Amino acid sequence: VKMFGDRNPASIVDNDKLSQMSEADKKVSFYFKSVWQRIAIVAAGPIANFLLCIFLLTIIFKVQGLTTVLPIIDQVQEQSAASEVGILVGDKVLKINDTSINDFDQLRQIVVQNGEKEMELELQRGEAVLNITLTPKMSVYKNIFGEEQKTPLIGVGASQFEYHPLGLGQAFIHANIETYNLGIAITKAIGELITGQRSIKELSGPVKIAQYSGKSMDAGFMMVLWFMAMISVNLGVANLLPIPVLDGGHLFYYIIEAIKGKPLHQKVQNAGFQFGFMVLITLMIFITYNDIYNLFK
């Protein structure tokens with residue numbers, strides 16, 4: 001897929017073709033649009049990904065309502081980080097690293113993002129408020145598809161929950177909040193991959209997507225919608241990365257053009273596109289190899 005007037009799908013401009021265009025062709029050519037029109041056109045793809053995620057999550061929240069698992073501990077695993085520092089069944093987690101905890105899922109997300117670094121917990125035990133320091137341990141657990149994964153855990157569980165049915169407007173609001181939170185979490189994960197805080201073995205591609213698509217079908221229609229939403233928001237974030245060839249790379253060039261009042265030199269743009277193309281091809285080869293290796297190991 002390429003824009004009218006481009007030489008290839010990497011959006012490298014075909015100057016020979018542009019010079020031969022009629023006035024009628026120029027009116028419909030992407031290259032001759034204003035910089036703000038090009039920004040809007042390129043941004044439309046990732047925006048559509050986020051809108052699809054919001055739409056799907058709205059359906060899920062409307063049908064299933066909102067279930068909040070309270071951050072009240074009812075299980076402490078033996079020899080876990082929690083048991084070693086004396087966390088007990090019945091303790092309520094109030095804060096982690098000065099962040100107020102409203103539900104158990106939020107607690108889990110903060111622990112995963114924290115990694116194997118020391119963290120401060122504020123607990124309520126009866127009438128007393130305790131401050132405890134602990135370090136999560138890297139542990140093996142099974143994800144929703146039954147596959148084993150490694151992640152930092154503190155070794156606690158919770159099952160007390162509150163259920164709230166949602167109207168369409170409320171479901172839409174929660175879908176927007178969840179899409180935003182997912183986008184932030186994905187962006188942080190990408191940053192951790194770049195800085196080496198997470199293993200690149202966690203990257204997955206088309207093979208893993210196909211594998212999980214089948215498993216999500218087995219888990220029911222709501223799981224299919226959830227999986228589609230996750231794929232969509234991942235695509236939206238990935239496409240906004242400032243890598244030439246991706247939408248984010250094009251937006252980066254166009255924003256510079258809007259600031260300077262003129263585009264970057266064509267040779268600079270072409271060099272960036274070629275570099276970005278090589279990066280993506282290398283990444284796709286590695287990810288596909290990683291998927292196949294994990295499939296048969």
# chains A, B, ... in the order shown; residues from 1 in each chain; ligands from 1

call {"tool": "select_by_dssp", "arguments": {"residues": "segment 219-281 of chain A", "states": "alpha helix (DSSP H)", "output": "PyMOL selection string"}}
result
chain A and resi 221-239+247-260+266-281

call {"tool": "residues_around", "arguments": {"residues": "Asp103 of chain A", "least_positions_apart": "5", "cutoff": "10 Å", "atoms": "only C-alpha atoms", "output": "list in words"}}
result
Thr67, Thr68, Val69, Leu70, Pro71, Ile72, Val93, Leu94, Arg108, Ala158, Phe161 and Glu162 of chain A

call {"tool": "residues_around", "arguments": {"residues": "Arg38 of chain A", "least_positions_apart": "5", "cutoff": "10 Å", "atoms": "only C-alpha atoms", "output": "mmCIF file with C-alpha atoms, in the first residue's frame"}}
result
data_model
loop_
_atom_site.group_PDB
_atom_site.id
_atom_site.type_symbol
_atom_site.label_atom_id
_atom_site.label_comp_id
_atom_site.auth_asym_id
_atom_site.auth_seq_id
_atom_site.Cartn_x
_atom_site.Cartn_y
_atom_site.Cartn_z
ATOM 1 C CA PHE A 30 -0.641 13.271 -0.976
ATOM 2 C CA TYR A 31 2.686 15.005 -1.638
ATOM 3 C CA PHE A 32 1.001 18.259 -2.704
ATOM 4 C CA LYS A 33 -1.294 18.499 0.331
ATOM 5 C CA ALA A 43 -2.443 10.483 12.293
ATOM 6 C CA ALA A 44 -5.796 9.012 11.213
ATOM 7 C CA HIS A 250 6.239 10.551 9.079
ATOM 8 C CA LEU A 251 4.592 12.698 11.761
ATOM 9 C CA TYR A 254 5.933 16.747 9.146
#

call {"tool": "residues_around", "arguments": {"residues": "Leu66 of chain A", "least_positions_apart": "4", "cutoff": "7 Å", "atoms": "only C-alpha atoms", "output": "mmCIF file with N, CA and C atoms, in the first residue's frame"}}
result
data_model
loop_
_atom_site.group_PDB
_atom_site.id
_atom_site.type_symbol
_atom_site.label_atom_id
_atom_site.label_comp_id
_atom_site.auth_asym_id
_atom_site.auth_seq_id
_atom_site.Cartn_x
_atom_site.Cartn_y
_atom_site.Cartn_z
ATOM 1 N N PHE A 61 -17.450 -3.391 28.779
ATOM 2 C CA PHE A 61 -17.865 -2.791 30.053
ATOM 3 C C PHE A 61 -19.387 -2.732 30.167
ATOM 4 N N TYR A 163 -19.142 -5.351 42.526
ATOM 5 C CA TYR A 163 -19.635 -5.336 41.151
ATOM 6 C C TYR A 163 -20.522 -4.111 40.934
ATOM 7 N N HIS A 164 -20.278 -3.411 39.823
ATOM 8 C CA HIS A 164 -21.066 -2.231 39.494
ATOM 9 C C HIS A 164 -21.552 -2.334 38.047
ATOM 10 N N PRO A 165 -22.875 -2.455 37.814
ATOM 11 C CA PRO A 165 -23.376 -2.411 36.436
ATOM 12 C C PRO A 165 -23.174 -1.004 35.877
ATOM 13 N N LEU A 166 -22.894 -0.903 34.574
ATOM 14 C CA LEU A 166 -22.602 0.386 33.964
ATOM 15 C C LEU A 166 -23.590 0.715 32.858
#

call {"tool": "closest_residue", "arguments": {"among": "A:Gln170, A:Gln64, A:Phe4, A:Leu57", "to": "Lys26 of chain A", "atoms": "only C-alpha atoms"}}
result
A:Phe4

call {"tool": "residues_around", "arguments": {"residues": "Leu182 of chain A", "least_positions_apart": "6", "cutoff": "12 Å", "atoms": "only C-alpha atoms", "output": "JSON, numbers by chain"}}
result
{"A": [50, 53, 54, 57, 109, 175, 176, 188, 189, 229, 230, 231, 232, 233, 234, 235, 236, 237]}

call {"tool": "select_by_dssp", "arguments": {"residues": "segment 39-280 of chain A", "states": "strand (DSSP E)", "output": "JSON, numbers by chain"}}
result
{"A": [66, 67, 68, 69, 75, 76, 92, 93, 94, 95, 96, 99, 100, 119, 120, 121, 122, 123, 124, 125, 128, 129, 130, 131, 132, 133, 134, 137, 138, 139, 140, 141, 142, 148, 149, 150, 151, 152, 153, 156, 157, 161, 162, 163, 164]}

call {"tool": "atom_distance", "arguments": {"atom1": "atom CA of Glu84 of chain A", "atom2": "atom CA of Lys150 of chain A"}}
result
20.3 Å

call {"tool": "atom_distance", "arguments": {"atom1": "atom CA of Pro244 of chain A", "atom2": "atom CA of Phe273 of chain A"}}
result
4.9 Å

call {"tool": "atom_distance", "arguments": {"atom1": "atom CA of Val42 of chain A", "atom2": "atom CA of Gly5 of chain A"}}
result
15.3 Å

call {"tool": "residues_around", "arguments": {"residues": "Gln77 of chain A", "least_positions_apart": "3", "cutoff": "10 Å", "atoms": "only C-alpha atoms", "output": "ChimeraX atom specification"}}
result
/A:80-84,154-157

call {"tool": "write_last_selection", "arguments": {"atoms": "N, CA, C and O atoms", "output": "short mmCIF file (atom, residue, chain, number, x, y, z; two decimals), in the first residue's frame"}}
result
data_model
loop_
_atom_site.label_atom_id
_atom_site.label_comp_id
_atom_site.auth_asym_id
_atom_site.auth_seq_id
_atom_site.Cartn_x
_atom_site.Cartn_y
_atom_site.Cartn_z
N SER A 80 7.34 -16.33 49.91
CA SER A 80 7.22 -15.22 48.97
C SER A 80 7.79 -13.96 49.61
O SER A 80 8.08 -13.92 50.82
N ALA A 81 7.92 -12.90 48.80
CA ALA A 81 8.40 -11.62 49.33
C ALA A 81 7.47 -11.10 50.42
O ALA A 81 7.91 -10.54 51.43
N ALA A 82 6.16 -11.30 50.23
CA ALA A 82 5.17 -10.82 51.21
C ALA A 82 5.29 -11.56 52.53
O ALA A 82 5.23 -10.96 53.61
N SER A 83 5.44 -12.90 52.47
CA SER A 83 5.51 -13.69 53.71
C SER A 83 6.80 -13.38 54.48
O SER A 83 6.81 -13.38 55.71
N GLU A 84 7.87 -13.08 53.77
CA GLU A 84 9.15 -12.81 54.41
C GLU A 84 9.14 -11.51 55.22
O GLU A 84 9.91 -11.36 56.17
N ILE A 154 4.85 -10.36 44.43
CA ILE A 154 5.13 -10.28 45.87
C ILE A 154 4.49 -11.45 46.61
O ILE A 154 4.76 -11.65 47.79
N GLY A 155 3.64 -12.22 45.91
CA GLY A 155 3.10 -13.45 46.50
C GLY A 155 1.85 -13.28 47.33
O GLY A 155 1.71 -13.93 48.37
N VAL A 156 0.94 -12.41 46.89
CA VAL A 156 -0.33 -12.25 47.60
C VAL A 156 -1.48 -12.41 46.62
O VAL A 156 -1.33 -12.26 45.41
N GLY A 157 -2.66 -12.72 47.17
CA GLY A 157 -3.86 -12.85 46.36
C GLY A 157 -5.03 -12.16 47.04
O GLY A 157 -5.01 -11.91 48.24
#

call {"tool": "closest_residue", "arguments": {"among": "A:Leu153, A:Val224, A:Ala24, A:Ile287", "to": "Gln79 of chain A", "atoms": "only C-alpha atoms"}}
result
A:Leu153

call {"tool": "closest_residue", "arguments": {"among": "A:Ile39, A:Met222, A:Lys17, A:Asp291", "to": "Asp247 of chain A", "atoms": "only C-alpha atoms"}}
result
A:Ile39

call {"tool": "residues_around", "arguments": {"residues": "Leu123 of chain A", "least_positions_apart": "4", "cutoff": "8 Å", "atoms": "only C-alpha atoms", "output": "list in words"}}
result
Asp91, Lys92, Val93, Leu94, Lys95, Val129, Leu130, Asn131 and Ile132 of chain A

call {"tool": "write_last_selection", "arguments": {"atoms": "all heavy atoms", "output": "PDB file, in the first residue's frame"}}
result
ATOM      1  N   ASP A  91      -4.782  -7.992  55.726  1.00  0.00           N
ATOM      2  CA  ASP A  91      -4.155  -6.681  55.536  1.00  0.00           C
ATOM      3  C   ASP A  91      -4.733  -6.004  54.290  1.00  0.00           C
ATOM      4  O   ASP A  91      -4.966  -6.649  53.267  1.00  0.00           O
ATOM      5  CB  ASP A  91      -2.633  -6.825  55.361  1.00  0.00           C
ATOM      6  CG  ASP A  91      -1.937  -7.189  56.664  1.00  0.00           C
ATOM      7  OD1 ASP A  91      -2.589  -7.130  57.718  1.00  0.00           O
ATOM      8  OD2 ASP A  91      -0.739  -7.538  56.610  1.00  0.00           O
ATOM      9  N   LYS A  92      -4.935  -4.709  54.385  1.00  0.00           N
ATOM     10  CA  LYS A  92      -5.417  -3.934  53.241  1.00  0.00           C
ATOM     11  C   LYS A  92      -4.294  -3.025  52.762  1.00  0.00           C
ATOM     12  O   LYS A  92      -3.713  -2.269  53.534  1.00  0.00           O
ATOM     13  CB  LYS A  92      -6.633  -3.086  53.627  1.00  0.00           C
ATOM     14  CG  LYS A  92      -7.206  -2.288  52.467  1.00  0.00           C
ATOM     15  CD  LYS A  92      -8.447  -1.483  52.883  1.00  0.00           C
ATOM     16  CE  LYS A  92      -9.024  -0.710  51.713  1.00  0.00           C
ATOM     17  NZ  LYS A  92     -10.244   0.061  52.097  1.00  0.00           N
ATOM     18  N   VAL A  93      -3.976  -3.104  51.461  1.00  0.00           N
ATOM     19  CA  VAL A  93      -2.908  -2.280  50.893  1.00  0.00           C
ATOM     20  C   VAL A  93      -3.473  -0.890  50.597  1.00  0.00           C
ATOM     21  O   VAL A  93      -4.398  -0.744  49.803  1.00  0.00           O
ATOM     22  CB  VAL A  93      -2.338  -2.904  49.609  1.00  0.00           C
ATOM     23  CG1 VAL A  93      -1.201  -2.036  49.064  1.00  0.00           C
ATOM     24  CG2 VAL A  93      -1.830  -4.319  49.872  1.00  0.00           C
ATOM     25  N   LEU A  94      -2.896   0.111  51.235  1.00  0.00           N
ATOM     26  CA  LEU A  94      -3.354   1.500  51.051  1.00  0.00           C
ATOM     27  C   LEU A  94      -2.546   2.240  49.993  1.00  0.00           C
ATOM     28  O   LEU A  94      -3.098   2.968  49.169  1.00  0.00           O
ATOM     29  CB  LEU A  94      -3.268   2.263  52.377  1.00  0.00           C
ATOM     30  CG  LEU A  94      -4.053   1.679  53.556  1.00  0.00           C
ATOM     31  CD1 LEU A  94      -3.791   2.505  54.812  1.00  0.00           C
ATOM     32  CD2 LEU A  94      -5.544   1.635  53.243  1.00  0.00           C
ATOM     33  N   LYS A  95      -1.215   2.032  50.032  1.00  0.00           N
ATOM     34  CA  LYS A  95      -0.326   2.731  49.095  1.00  0.00           C
ATOM     35  C   LYS A  95       0.846   1.845  48.710  1.00  0.00           C
ATOM     36  O   LYS A  95       1.258   0.967  49.467  1.00  0.00           O
ATOM     37  CB  LYS A  95       0.223   4.022  49.716  1.00  0.00           C
ATOM     38  CG  LYS A  95      -0.790   5.126  49.937  1.00  0.00           C
ATOM     39  CD  LYS A  95      -0.100   6.374  50.501  1.00  0.00           C
ATOM     40  CE  LYS A  95      -1.095   7.510  50.717  1.00  0.00           C
ATOM     41  NZ  LYS A  95      -0.420   8.723  51.277  1.00  0.00           N
ATOM     42  N   VAL A 129      -1.863   1.371  61.038  1.00  0.00           N
ATOM     43  CA  VAL A 129      -1.311   1.577  59.696  1.00  0.00           C
ATOM     44  C   VAL A 129       0.177   1.257  59.754  1.00  0.00           C
ATOM     45  O   VAL A 129       0.919   1.815  60.564  1.00  0.00           O
ATOM     46  CB  VAL A 129      -1.534   3.016  59.200  1.00  0.00           C
ATOM     47  CG1 VAL A 129      -0.833   3.240  57.867  1.00  0.00           C
ATOM     48  CG2 VAL A 129      -3.023   3.311  59.078  1.00  0.00           C
ATOM     49  N   LEU A 130       0.611   0.326  58.902  1.00  0.00           N
ATOM     50  CA  LEU A 130       1.996  -0.138  58.908  1.00  0.00           C
ATOM     51  C   LEU A 130       2.698   0.256  57.616  1.00  0.00           C
ATOM     52  O   LEU A 130       2.080   0.313  56.540  1.00  0.00           O
ATOM     53  CB  LEU A 130       2.054  -1.661  59.057  1.00  0.00           C
ATOM     54  CG  LEU A 130       1.228  -2.285  60.184  1.00  0.00           C
ATOM     55  CD1 LEU A 130       1.301  -3.806  60.101  1.00  0.00           C
ATOM     56  CD2 LEU A 130       1.728  -1.800  61.548  1.00  0.00           C
ATOM     57  N   ASN A 131       3.998   0.502  57.701  1.00  0.00           N
ATOM     58  CA  ASN A 131       4.833   0.764  56.529  1.00  0.00           C
ATOM     59  C   ASN A 131       5.861  -0.352  56.404  1.00  0.00           C
ATOM     60  O   ASN A 131       6.616  -0.616  57.345  1.00  0.00           O
ATOM     61  CB  ASN A 131       5.537   2.119  56.651  1.00  0.00           C
ATOM     62  CG  ASN A 131       4.558   3.275  56.543  1.00  0.00           C
ATOM     63  OD1 ASN A 131       4.002   3.525  55.478  1.00  0.00           O
ATOM     64  ND2 ASN A 131       4.337   3.975  57.645  1.00  0.00           N
ATOM     65  N   ILE A 132       5.844  -1.008  55.254  1.00  0.00           N
ATOM     66  CA  ILE A 132       6.696  -2.179  55.048  1.00  0.00           C
ATOM     67  C   ILE A 132       7.493  -2.004  53.754  1.00  0.00           C
ATOM     68  O   ILE A 132       6.976  -1.505  52.752  1.00  0.00           O
ATOM     69  CB  ILE A 132       5.850  -3.463  54.960  1.00  0.00           C
ATOM     70  CG1 ILE A 132       5.216  -3.768  56.316  1.00  0.00           C
ATOM     71  CG2 ILE A 132       6.687  -4.648  54.497  1.00  0.00           C
ATOM     72  CD1 ILE A 132       4.297  -4.962  56.321  1.00  0.00           C
TER      73      ILE A 132
END
